[in-house]
$ cat data.cif   # mmCIF, C-alpha atoms
data_structure
loop_
_atom_site.label_atom_id
_atom_site.label_comp_id
_atom_site.auth_asym_id
_atom_site.auth_seq_id
_atom_site.Cartn_x
_atom_site.Cartn_y
_atom_site.Cartn_z
CA MET A 350 8.01 11.99 16.77
CA ARG A 351 7.83 13.37 13.21
CA SER A 352 11.11 15.24 13.40
CA VAL A 353 12.34 17.74 10.79
CA ARG A 354 13.26 16.11 7.47
CA TRP A 355 14.73 19.12 5.68
CA GLY A 356 18.12 18.74 4.02
CA LEU A 357 19.32 16.26 6.62
CA ALA A 358 22.66 14.61 5.83
CA VAL A 359 22.30 10.89 6.45
CA THR A 360 24.99 8.33 5.68
CA VAL A 361 23.58 5.35 3.80
CA ALA A 362 25.55 2.14 3.43
CA ALA A 363 24.87 -0.01 0.37
CA THR A 364 25.82 -3.62 0.92
CA GLY A 365 25.69 -6.73 -1.21
CA LEU A 366 26.27 -7.33 -4.89
CA ALA A 367 25.30 -5.65 -8.16
CA VAL A 368 24.35 -2.36 -6.54
CA ALA A 369 24.22 0.83 -8.59
CA THR A 370 23.31 4.31 -7.43
CA SER A 371 23.79 6.06 -10.75
CA GLY A 372 23.54 5.34 -14.45
CA THR A 373 20.76 3.74 -16.42
CA GLY A 374 21.36 0.05 -15.90
CA VAL A 375 18.34 -1.97 -14.87
CA ALA A 376 18.72 -5.17 -12.90
CA SER A 377 16.87 -8.35 -13.75
CA ALA A 378 14.17 -7.54 -11.18
CA GLY A 379 13.16 -4.40 -13.10
CA VAL A 380 10.40 -3.81 -15.61
CA HIS A 381 9.66 -0.87 -17.85
CA PRO A 382 6.61 1.00 -16.54
CA THR A 383 4.66 0.40 -19.76
CA LEU A 384 4.97 -3.38 -19.49
CA VAL A 385 2.56 -5.62 -17.64
CA ARG A 386 2.58 -9.36 -17.13
CA ALA A 387 0.72 -11.23 -19.87
CA ALA A 388 -2.61 -12.68 -18.78
CA THR A 389 -2.59 -16.40 -18.26
CA ALA A 390 -5.08 -18.59 -20.10
CA GLY A 391 -8.57 -17.79 -18.89
CA ALA A 392 -7.54 -14.78 -16.80
CA ALA A 393 -9.72 -11.74 -17.39
CA ARG A 394 -7.23 -9.07 -16.28
CA PRO A 395 -3.45 -8.75 -16.54
CA GLU A 396 -1.76 -10.29 -13.54
CA ALA A 397 -0.55 -7.94 -10.87
CA GLY A 398 3.01 -7.61 -9.62
CA ASN A 399 6.50 -7.42 -11.08
CA PRO A 400 6.85 -10.00 -13.88
CA ASN A 401 10.62 -10.07 -13.30
CA GLY A 402 10.31 -10.51 -9.54
CA HIS A 403 11.14 -14.06 -8.52
CA VAL A 404 11.91 -13.79 -4.82
CA PRO A 405 10.31 -16.61 -2.81
CA VAL A 406 7.17 -15.46 -1.02
CA PRO A 407 7.77 -15.45 2.75
CA PRO A 408 5.71 -17.74 4.98
CA GLY A 409 2.35 -16.14 5.61
CA GLY A 410 2.67 -13.79 2.65
CA GLY A 411 0.84 -15.81 0.00
CA ALA A 412 -2.75 -16.23 -1.10
CA VAL A 413 -5.18 -18.27 0.97
CA ASN A 414 -7.51 -21.06 -0.12
CA THR A 415 -10.97 -19.76 -1.05
CA SER A 416 -12.36 -22.92 -2.66
CA HIS A 417 -15.05 -23.20 0.03
CA PRO A 418 -16.35 -19.65 0.48
CA ASN A 419 -18.74 -18.55 3.20
CA ARG A 420 -20.32 -16.06 0.83
CA VAL A 421 -20.53 -15.64 -2.95
CA ILE A 422 -21.38 -12.25 -4.45
CA GLY A 423 -23.47 -12.56 -7.62
CA HIS A 424 -25.50 -15.20 -9.40
CA GLY A 425 -23.55 -15.53 -12.63
CA THR A 426 -24.34 -12.16 -14.23
CA PRO A 427 -22.68 -8.73 -13.98
CA ALA A 428 -25.98 -7.18 -12.87
CA SER A 429 -26.09 -9.44 -9.83
CA CYS A 430 -22.75 -8.12 -8.57
CA THR A 431 -23.71 -4.88 -6.87
CA SER A 432 -22.21 -2.44 -4.42
CA ALA A 433 -24.89 -3.37 -1.89
CA ALA A 434 -23.94 -7.03 -2.18
CA VAL A 435 -20.28 -6.22 -1.53
CA VAL A 436 -21.09 -4.04 1.48
CA LYS A 437 -23.35 -6.74 2.93
CA ALA A 438 -20.85 -9.56 2.39
CA VAL A 439 -17.92 -7.63 3.90
CA ALA A 440 -20.04 -6.78 6.95
CA LYS A 441 -20.87 -10.47 7.45
CA GLY A 442 -17.23 -11.50 7.03
CA GLY A 443 -15.67 -14.85 6.25
CA VAL A 444 -14.32 -15.98 2.89
CA ILE A 445 -15.98 -14.03 0.05
CA THR A 446 -15.77 -14.81 -3.67
CA PHE A 447 -17.59 -13.55 -6.77
CA ASN A 448 -19.81 -15.12 -9.45
CA CYS A 449 -20.34 -12.29 -11.93
CA GLY A 450 -20.10 -14.17 -15.21
CA ALA A 451 -17.24 -15.06 -17.52
CA LYS A 452 -16.15 -11.54 -18.41
CA PRO A 453 -14.40 -8.91 -16.29
CA VAL A 454 -16.69 -6.74 -14.22
CA THR A 455 -16.24 -3.42 -12.42
CA ILE A 456 -18.47 -2.81 -9.41
CA VAL A 457 -18.84 0.90 -8.67
CA MET A 458 -19.25 1.23 -4.92
CA LYS A 459 -22.16 3.39 -3.77
CA ALA A 460 -20.95 3.11 -0.17
CA THR A 461 -17.74 2.11 1.59
CA ALA A 462 -17.58 -1.55 2.61
CA LYS A 463 -16.85 -1.64 6.35
CA LEU A 464 -15.72 -4.50 8.56
CA TRP A 465 -17.19 -5.20 11.97
CA ASN A 466 -14.49 -5.55 14.61
CA THR A 467 -16.08 -8.74 15.93
CA GLU A 468 -15.16 -10.65 12.75
CA HIS A 469 -12.06 -12.83 12.92
CA ARG A 470 -11.31 -13.06 9.22
CA VAL A 471 -12.50 -11.37 6.04
CA VAL A 472 -11.10 -12.62 2.72
CA LEU A 473 -12.10 -10.89 -0.51
CA ASP A 474 -11.08 -12.88 -3.61
CA GLY A 475 -11.93 -11.40 -7.01
CA GLY A 476 -10.77 -14.41 -8.99
CA GLY A 477 -8.82 -12.13 -11.34
CA LYS A 478 -12.03 -10.81 -12.91
CA VAL A 479 -13.41 -8.25 -10.47
CA ALA A 480 -12.61 -4.59 -9.90
CA LEU A 481 -14.09 -2.52 -7.10
CA SER A 482 -14.24 1.18 -7.93
CA GLY A 483 -14.72 4.10 -5.61
CA GLY A 484 -15.98 6.07 -8.60
CA GLY A 485 -13.57 8.85 -7.66
CA LYS A 486 -15.92 9.70 -4.79
CA ARG A 487 -15.33 7.38 -1.84
CA ARG A 488 -13.04 5.04 0.04
CA ILE A 489 -13.57 1.40 -0.95
CA LEU A 490 -12.74 -0.60 2.23
CA TYR A 491 -12.58 0.43 5.89
CA LYS A 492 -11.36 -1.43 8.98
CA ASN A 493 -10.74 0.33 12.29
CA THR A 494 -10.64 -1.59 15.58
CA CYS A 495 -10.70 1.68 17.51
CA ASP A 496 -13.91 2.87 15.86
CA GLN A 497 -16.62 2.29 18.48
CA SER A 498 -19.33 2.49 15.84
CA ARG A 499 -17.91 -0.78 14.40
CA VAL A 500 -18.01 -2.38 17.91
CA TRP A 501 -15.19 -1.70 20.33
CA THR A 502 -14.19 -5.12 21.64
CA THR A 503 -11.27 -4.19 23.92
CA ASP A 504 -9.65 -1.29 25.72
CA HIS A 505 -6.50 -2.24 23.79
CA CYS A 506 -8.11 -1.61 20.43
CA ASN A 507 -4.79 -0.50 18.95
CA ASP A 508 -3.38 -4.01 19.48
CA GLN A 509 -6.40 -6.17 18.71
CA MET A 510 -5.79 -9.59 17.13
CA TRP A 511 -8.77 -9.48 14.79
CA PRO A 512 -10.04 -8.93 12.14
CA ASP A 513 -7.62 -10.31 9.56
CA LEU A 514 -8.33 -8.62 6.22
CA ILE A 515 -7.00 -10.43 3.14
CA LEU A 516 -7.46 -9.18 -0.42
CA GLN A 517 -6.39 -11.29 -3.37
CA HIS A 518 -6.81 -11.52 -7.15
CA ILE A 519 -8.79 -8.28 -7.35
CA THR A 520 -8.48 -4.67 -8.56
CA LEU A 521 -9.21 -1.56 -6.50
CA GLU A 522 -9.48 1.60 -8.54
CA ASP A 523 -10.59 5.22 -8.28
CA GLY A 524 -10.89 5.10 -4.49
CA ASN A 525 -10.92 8.53 -2.90
CA SER A 526 -10.66 9.68 0.70
CA GLN A 527 -10.91 13.46 0.96
CA VAL A 528 -10.70 13.43 4.78
CA LYS A 529 -8.37 16.15 6.03
CA GLN A 530 -5.72 15.46 8.66
CA THR A 531 -6.98 16.26 12.15
CA PRO A 532 -6.17 14.77 15.58
CA THR A 533 -9.33 12.61 15.47
CA SER A 534 -9.98 11.90 11.78
CA ASN A 535 -9.19 8.59 10.04
CA TYR A 536 -7.39 10.39 7.25
CA GLY A 537 -5.71 8.77 4.26
CA GLY A 538 -6.47 5.43 2.66
CA GLY A 539 -8.17 6.21 -0.63
CA ALA A 540 -8.76 2.53 -1.43
CA ILE A 541 -8.16 0.91 2.00
CA PHE A 542 -8.00 2.33 5.51
CA ASP A 543 -6.78 -0.33 7.95
CA LEU A 544 -6.21 0.13 11.69
CA GLY A 545 -5.79 -2.87 13.97
CA GLY A 546 -5.88 -6.61 13.36
CA ARG A 547 -3.87 -7.80 10.36
CA LEU A 548 -3.71 -6.92 6.67
CA LYS A 549 -2.42 -8.89 3.67
CA VAL A 550 -2.76 -8.06 -0.03
CA VAL A 551 -1.88 -10.59 -2.77
CA ASP A 552 -2.03 -10.39 -6.58
CA THR A 553 -4.01 -7.16 -6.41
CA THR A 554 -3.89 -4.08 -8.62
CA PHE A 555 -4.45 -0.53 -7.38
CA VAL A 556 -5.10 2.10 -10.07
CA ASP A 557 -5.69 5.87 -9.83
CA ASN A 558 -6.59 6.03 -6.16
CA ARG A 559 -6.61 9.35 -4.31
CA CYS A 560 -6.53 10.89 -0.85
CA TYR A 561 -6.35 14.45 0.42
CA ARG A 562 -3.69 16.55 -1.30
CA VAL A 563 -1.92 18.05 1.74
CA GLY A 564 -1.05 17.16 5.34
CA PRO A 565 2.28 16.33 7.01
CA ASP A 566 1.40 12.70 7.89
CA LEU A 567 -1.58 12.15 5.63
CA GLY A 568 -1.05 9.42 3.05
CA GLY A 569 -1.95 6.18 1.38
CA ALA A 570 -3.85 6.82 -1.84
CA ALA A 571 -4.02 3.02 -2.10
CA ILE A 572 -3.42 1.78 1.48
CA ARG A 573 -3.17 3.50 4.85
CA ALA A 574 -2.16 1.02 7.58
CA LEU A 575 -1.90 1.68 11.32
CA GLU A 576 -1.52 -0.35 14.55
CA GLN A 577 -1.11 -3.93 13.33
CA PHE A 578 -1.51 -6.70 15.92
CA HIS A 579 1.72 -7.26 17.91
CA ASP A 580 3.54 -5.05 15.38
CA ARG A 581 3.44 -7.79 12.78
CA PRO A 582 4.09 -6.67 9.20
CA VAL A 583 1.64 -5.95 6.44
CA TYR A 584 2.33 -8.32 3.52
CA ILE A 585 2.25 -6.86 0.01
CA THR A 586 2.79 -9.75 -2.43
CA ASN A 587 2.72 -9.65 -6.24
CA ASP A 588 0.76 -6.38 -6.26
CA THR A 589 0.71 -3.40 -8.61
CA PHE A 590 0.30 0.24 -7.55
CA ARG A 591 -0.18 2.69 -10.40
CA GLY A 592 -1.25 6.31 -10.68
CA GLY A 593 -1.83 7.11 -6.99
CA ARG A 594 -2.01 10.72 -5.85
CA CYS A 595 -1.94 11.90 -2.24
CA SER A 596 -0.12 14.28 0.08
CA ASN A 597 2.39 11.53 1.00
CA GLY A 598 2.89 7.83 0.26
CA SER A 599 0.67 7.55 -2.77
CA ALA A 600 0.78 3.76 -2.73
CA LEU A 601 1.52 2.78 0.88
CA SER A 602 1.46 4.97 3.99
CA SER A 603 1.86 4.12 7.66
CA ILE A 604 2.95 5.28 11.10
CA GLY A 605 4.75 2.71 13.21
CA VAL A 606 3.87 -0.20 10.89
CA SER A 607 6.24 -2.67 9.24
CA TRP A 608 5.90 -3.87 5.63
CA VAL A 609 7.12 -6.86 3.62
CA VAL A 610 6.85 -5.95 -0.08
CA THR A 611 7.56 -8.87 -2.44
CA ASN A 612 7.61 -9.09 -6.25
CA SER A 613 5.50 -5.95 -6.64
CA LEU A 614 5.35 -3.03 -9.06
CA PHE A 615 5.07 0.69 -8.24
CA VAL A 616 4.65 3.05 -11.21
CA ASN A 617 3.67 6.72 -11.55
CA ASN A 618 2.66 7.42 -7.95
CA ARG A 619 3.08 11.00 -6.74
CA ALA A 620 3.31 12.67 -3.34
CA ILE A 621 1.76 16.05 -4.12
CA GLY A 622 1.75 17.80 -0.73
CA HIS A 623 4.31 20.47 0.13
CA GLY A 624 6.16 21.55 3.23
CA ALA A 625 7.33 18.08 4.39
CA ASN A 626 6.99 17.15 8.08
CA PRO A 627 6.71 19.02 10.36
CA ALA A 628 5.26 21.68 8.13
CA PRO A 629 6.88 25.09 8.44
CA LEU A 630 4.72 28.08 9.27
CA GLY A 631 2.44 28.86 6.36
CA SER A 632 2.77 25.45 4.72
CA PRO A 633 0.22 22.61 4.92
CA GLY A 634 2.89 19.90 4.96
CA GLY A 635 3.41 16.72 2.99
CA GLY A 636 4.98 15.84 -0.33
CA SER A 637 7.17 12.90 0.73
CA GLY A 638 7.30 9.26 -0.31
CA GLY A 639 6.03 9.13 -3.89
CA ALA A 640 5.28 5.42 -3.48
CA ILE A 641 5.98 4.47 0.17
CA TYR A 642 5.83 6.69 3.26
CA MET A 643 6.83 5.29 6.67
CA ASP A 644 7.17 7.19 9.93
CA GLY A 645 7.42 5.97 13.51
CA ASP A 646 9.96 4.30 15.78
CA LEU A 647 10.66 0.55 15.84
CA MET A 648 9.54 -0.61 12.39
CA THR A 649 11.00 -2.46 9.44
CA LEU A 650 10.69 -2.33 5.66
CA LEU A 651 11.68 -5.17 3.34
CA VAL A 652 11.38 -4.50 -0.39
CA GLN A 653 12.34 -7.56 -2.44
CA GLY A 654 11.92 -8.62 -6.06
CA THR A 655 10.20 -5.29 -6.68
CA SER A 656 10.35 -2.61 -9.39
CA MET A 657 9.71 1.06 -8.62
CA SER A 658 9.84 3.60 -11.45
CA ASP A 659 8.48 7.03 -12.39
CA ASN A 660 7.29 7.80 -8.86
CA HIS A 661 7.68 11.41 -7.71
CA ALA A 662 7.86 13.36 -4.45
CA LYS A 663 7.53 17.12 -4.27
CA GLU A 664 9.66 17.01 -1.11
CA GLY A 665 11.65 13.90 -0.05
CA GLY A 666 11.87 10.32 -1.27
CA GLY A 667 10.52 9.96 -4.81
CA ALA A 668 10.11 6.23 -4.24
CA ILE A 669 10.58 5.66 -0.49
CA PHE A 670 10.44 7.92 2.56
CA PHE A 671 11.50 6.12 5.78
CA VAL A 672 11.99 7.93 9.08
CA SER A 673 12.51 6.21 12.43
CA ASP A 674 12.31 8.99 14.98
CA ASP A 675 14.23 7.11 17.68
CA ASN A 676 16.62 5.51 15.14
CA SER A 677 15.44 2.00 15.99
CA GLY A 678 13.90 1.13 12.61
CA SER A 679 15.58 -0.60 9.68
CA ALA A 680 15.01 -1.09 5.95
CA THR A 681 16.34 -3.50 3.32
CA ILE A 682 16.07 -3.36 -0.47
CA SER A 683 16.88 -6.72 -2.04
CA HIS A 684 16.86 -8.02 -5.64
CA SER A 685 14.94 -4.92 -6.74
CA THR A 686 15.16 -2.02 -9.16
CA LEU A 687 14.45 1.62 -8.29
CA HIS A 688 14.79 3.81 -11.35
CA ASP A 689 13.80 7.39 -12.20
CA ASN A 690 12.02 8.31 -8.96
CA PRO A 691 12.79 12.02 -8.53
CA SER A 692 12.83 13.71 -5.13
CA LEU A 693 12.38 17.40 -5.77
CA GLY A 694 13.30 18.51 -2.25
CA PHE A 695 15.76 16.16 -0.53
CA GLN A 696 17.04 12.60 -0.59
CA THR A 697 19.83 10.45 0.84
CA GLN A 698 20.06 8.21 -2.23
CA PRO A 699 18.35 8.45 -5.62
CA GLY A 700 14.61 8.29 -4.97
CA ILE A 701 15.03 7.51 -1.26
CA PHE A 702 15.03 9.49 1.96
CA TYR A 703 16.17 7.30 4.85
CA GLN A 704 16.65 8.36 8.47
CA SER A 705 17.44 5.76 11.14
CA GLY A 706 20.33 4.43 13.17
CA PRO A 707 21.03 1.19 11.27
CA HIS A 708 22.16 1.75 7.71
CA LEU A 709 19.81 1.14 4.82
CA LYS A 710 20.75 -2.27 3.38
CA VAL A 711 20.82 -2.60 -0.40
CA ILE A 712 21.41 -6.14 -1.66
CA LYS A 713 21.73 -7.15 -5.32
CA SER A 714 19.64 -4.18 -6.40
CA THR A 715 19.88 -1.24 -8.77
CA ILE A 716 19.06 2.27 -7.56
CA SER A 717 19.39 5.06 -10.09
#
$ encode --input "data.cif" --output "structure tokens"
Amino acid sequence: MRSVRWGLAVTVAATGLAVATSGTGVASAGVHPTLVRAATAGAARPEAGNPNGHVPVPPGGGAVNTSHPNRVIGHGTPASCTSAAVVKAVAKGGVITFNCGAKPVTIVMKATAKLWNTEHRVVLDGGGKVALSGGGKRRILYKNTCDQSRVWTTDHCNDQMWPDLILQHITLEDGNSQVKQTPTSNYGGGAIFDLGGRLKVVDTTFVDNRCYRVGPDLGGAAIRALEQFHDRPVYITNDTFRGGRCSNGSALSSIGVSWVVTNSLFVNNRAIGHGANPAPLGSPGGGSGGAIYMDGDLMTLLVQGTSMSDNHAKEGGGAIFFVSDDNSGSATISHSTLHDNPSLGFQTQPGIFYQSGPHLKVIKSTIS
């Protein structure tokens, strides 16, 4: 696993209609990085996601009903919405909403909110008005079914059904995991570290999240996902990822995990490590997948209705780095725009490094 990615010549087949791999044309799914969707009436924050993305949301990928919450954080004032209240509510689980007043509120986390592995479902719904901030000092959310300190419920912790973690209508900003890559550390995941169970993120904005700057497989300034139940995909729906910085995958990072990315926006995320993977002697490794970093074997990536621009990789894949070590994985880019995502080391297509047996499928998309 994690084979050499240096200067590898990979044939990529682009299929479908309206595909461009050069020039400056932008397809209808694209959006200039300075544009955001206008707030709807009564919304406190700009809506997340690609305003020009109109691909139907796949079954299971949308928001869930939170009209009857198990827990409500706050009593109608910003002062009542505290870090301690978030940590306590997440630990108790269930459907969680906020009542912090009419105006937008940012809750600076004094501790990471951690899920217990005995919970079946944890839904965190910010109602479009709430931001959770790591204050540039800490990870915001943590779920790890193989962490015995959070209750180890099965010997097959890497394939545990629960908990389901669902985030929707919320902002996560300034999360920071400075954990170095070691054989035993839960490295990566500046805003969210997620191992086991299921993960879904809907209508959520990630801004200026960070994780450690070097490491060959370390990644996920916004989200680090590992070991999803029965290899089911992580759903990323109508989300925005902006300004992430990490060794690799400064929006999304995973090993052996599949993703379905729908109507989302990735802007100005940078993979800042160097030496790629595996790291040559004297190099710390990293620097691949400015926005998305995927490594493993049998896994899939579907990017649809999505815009990716101004993402950078010091090594390979300014927008997307995808490596299936046994050539069993596959990726599809559909009705999307990838524009100006430089790969300073290597790529197989503008902004993309793709290594797997099946060809990368590009359908009605613009890549330039």
$ closest_residue --input "data.cif" --among "A:Phe578, A:Phe542, A:Phe590, A:Trp608" --to "A:Thr554" --atoms "only C-alpha atoms"
A:Phe590
$ closest_atom_pairs --input "data.cif" --of "stretch 422-445 of chain A" --to "stretch 455-464 of chain A" --cutoff "7 Å" --atoms "all atoms listed in the file" --output "Markdown table"
| residue | atom | partner | partner_atom | distance |
| --- | --- | --- | --- | --- |
| A:Cys430 | CA | A:Ile456 | CA | 6.9 |
| A:Thr431 | CA | A:Ile456 | CA | 6.2 |
| A:Ser432 | CA | A:Met458 | CA | 4.7 |
| A:Val435 | CA | A:Ala462 | CA | 6.8 |
| A:Val436 | CA | A:Ala462 | CA | 4.4 |
| A:Val439 | CA | A:Leu464 | CA | 6.0 |
| A:Ala440 | CA | A:Leu464 | CA | 5.1 |
$ closest_residue --input "data.cif" --among "A:Gln530, A:Asn612, A:Gln653, A:Ser599" --to "A:Gly639" --atoms "all atoms listed in the file"
A:Ser599
$ closest_residue --input "data.cif" --among "A:Ser526, A:Ser717, A:Ser656, A:Asn597" --to "A:Gly484" --atoms "all atoms listed in the file"
A:Ser526
$ resolve_selection --input "data.cif" --expression "the PyMOL selection byres ((chain A and resi 500) around 7)" --output "ChimeraX atom specification"
/A:465-467,496-499,501-502
$ closest_residue --input "data.cif" --among "A:Gly564, A:Pro395, A:Gly605, A:Gly593" --to "A:Pro633" --atoms "all atoms listed in the file"
A:Gly564
$ resolve_selection --input "data.cif" --expression "the PyMOL selection byres ((chain A and resi 642) around 12)" --output "VMD selection string"
chain A and resid 537 565 to 574 595 to 608 618 to 620 625 to 626 635 to 641 643 to 645 650 662 664 to 673 701 to 703
$ resolve_selection --input "data.cif" --expression "the PyMOL selection byres ((chain A and resi 591) around 7)" --output "VMD selection string"
chain A and resid 555 to 557 589 to 590 592 to 593 615 to 618
$ closest_residue --input "data.cif" --among "A:Ser705, A:Asn525, A:Asn660, A:Asn493" --to "A:Asp513" --atoms "all atoms listed in the file"
A:Asn493
$ build_atoms --input "data.cif" --residues "stretch 411-427 of chain A" --atoms "N, CA and C atoms" --output "short mmCIF file (atom, residue, chain, number, x, y, z; two decimals), keeping the file's coordinate frame"
data_model
loop_
_atom_site.label_atom_id
_atom_site.label_comp_id
_atom_site.auth_asym_id
_atom_site.auth_seq_id
_atom_site.Cartn_x
_atom_site.Cartn_y
_atom_site.Cartn_z
N GLY A 411 1.51 -15.39 1.22
CA GLY A 411 0.84 -15.81 0.00
C GLY A 411 -0.67 -15.79 0.09
N ALA A 412 -1.29 -16.16 -1.03
CA ALA A 412 -2.75 -16.23 -1.10
C ALA A 412 -3.27 -17.36 -0.22
N VAL A 413 -4.54 -17.24 0.16
CA VAL A 413 -5.18 -18.27 0.97
C VAL A 413 -6.19 -19.03 0.13
N ASN A 414 -6.57 -20.21 0.59
CA ASN A 414 -7.51 -21.06 -0.12
C ASN A 414 -8.94 -20.52 0.04
N THR A 415 -9.59 -20.26 -1.09
CA THR A 415 -10.97 -19.76 -1.05
C THR A 415 -11.92 -20.70 -1.80
N SER A 416 -11.55 -21.96 -1.89
CA SER A 416 -12.36 -22.92 -2.66
C SER A 416 -13.69 -23.25 -1.98
N HIS A 417 -13.80 -22.94 -0.70
CA HIS A 417 -15.05 -23.20 0.03
C HIS A 417 -15.49 -21.90 0.72
N PRO A 418 -16.02 -20.96 -0.08
CA PRO A 418 -16.35 -19.65 0.48
C PRO A 418 -17.55 -19.69 1.42
N ASN A 419 -17.56 -18.75 2.36
CA ASN A 419 -18.74 -18.55 3.20
C ASN A 419 -19.82 -17.77 2.48
N ARG A 420 -19.40 -16.90 1.55
CA ARG A 420 -20.32 -16.06 0.83
C ARG A 420 -19.86 -15.89 -0.61
N VAL A 421 -20.81 -15.88 -1.54
CA VAL A 421 -20.53 -15.64 -2.95
C VAL A 421 -21.37 -14.45 -3.40
N ILE A 422 -20.69 -13.44 -3.93
CA ILE A 422 -21.38 -12.25 -4.45
C ILE A 422 -21.73 -12.50 -5.91
N GLY A 423 -23.02 -12.40 -6.25
CA GLY A 423 -23.47 -12.56 -7.62
C GLY A 423 -24.05 -13.93 -7.90
N HIS A 424 -24.81 -13.97 -9.00
CA HIS A 424 -25.50 -15.20 -9.40
C HIS A 424 -25.18 -15.54 -10.85
N GLY A 425 -23.98 -15.17 -11.29
CA GLY A 425 -23.55 -15.53 -12.63
C GLY A 425 -23.70 -14.45 -13.67
N THR A 426 -24.19 -13.27 -13.29
CA THR A 426 -24.34 -12.16 -14.23
C THR A 426 -23.70 -10.91 -13.64
N PRO A 427 -23.22 -9.99 -14.50
CA PRO A 427 -22.68 -8.73 -13.98
C PRO A 427 -23.69 -7.95 -13.16
#
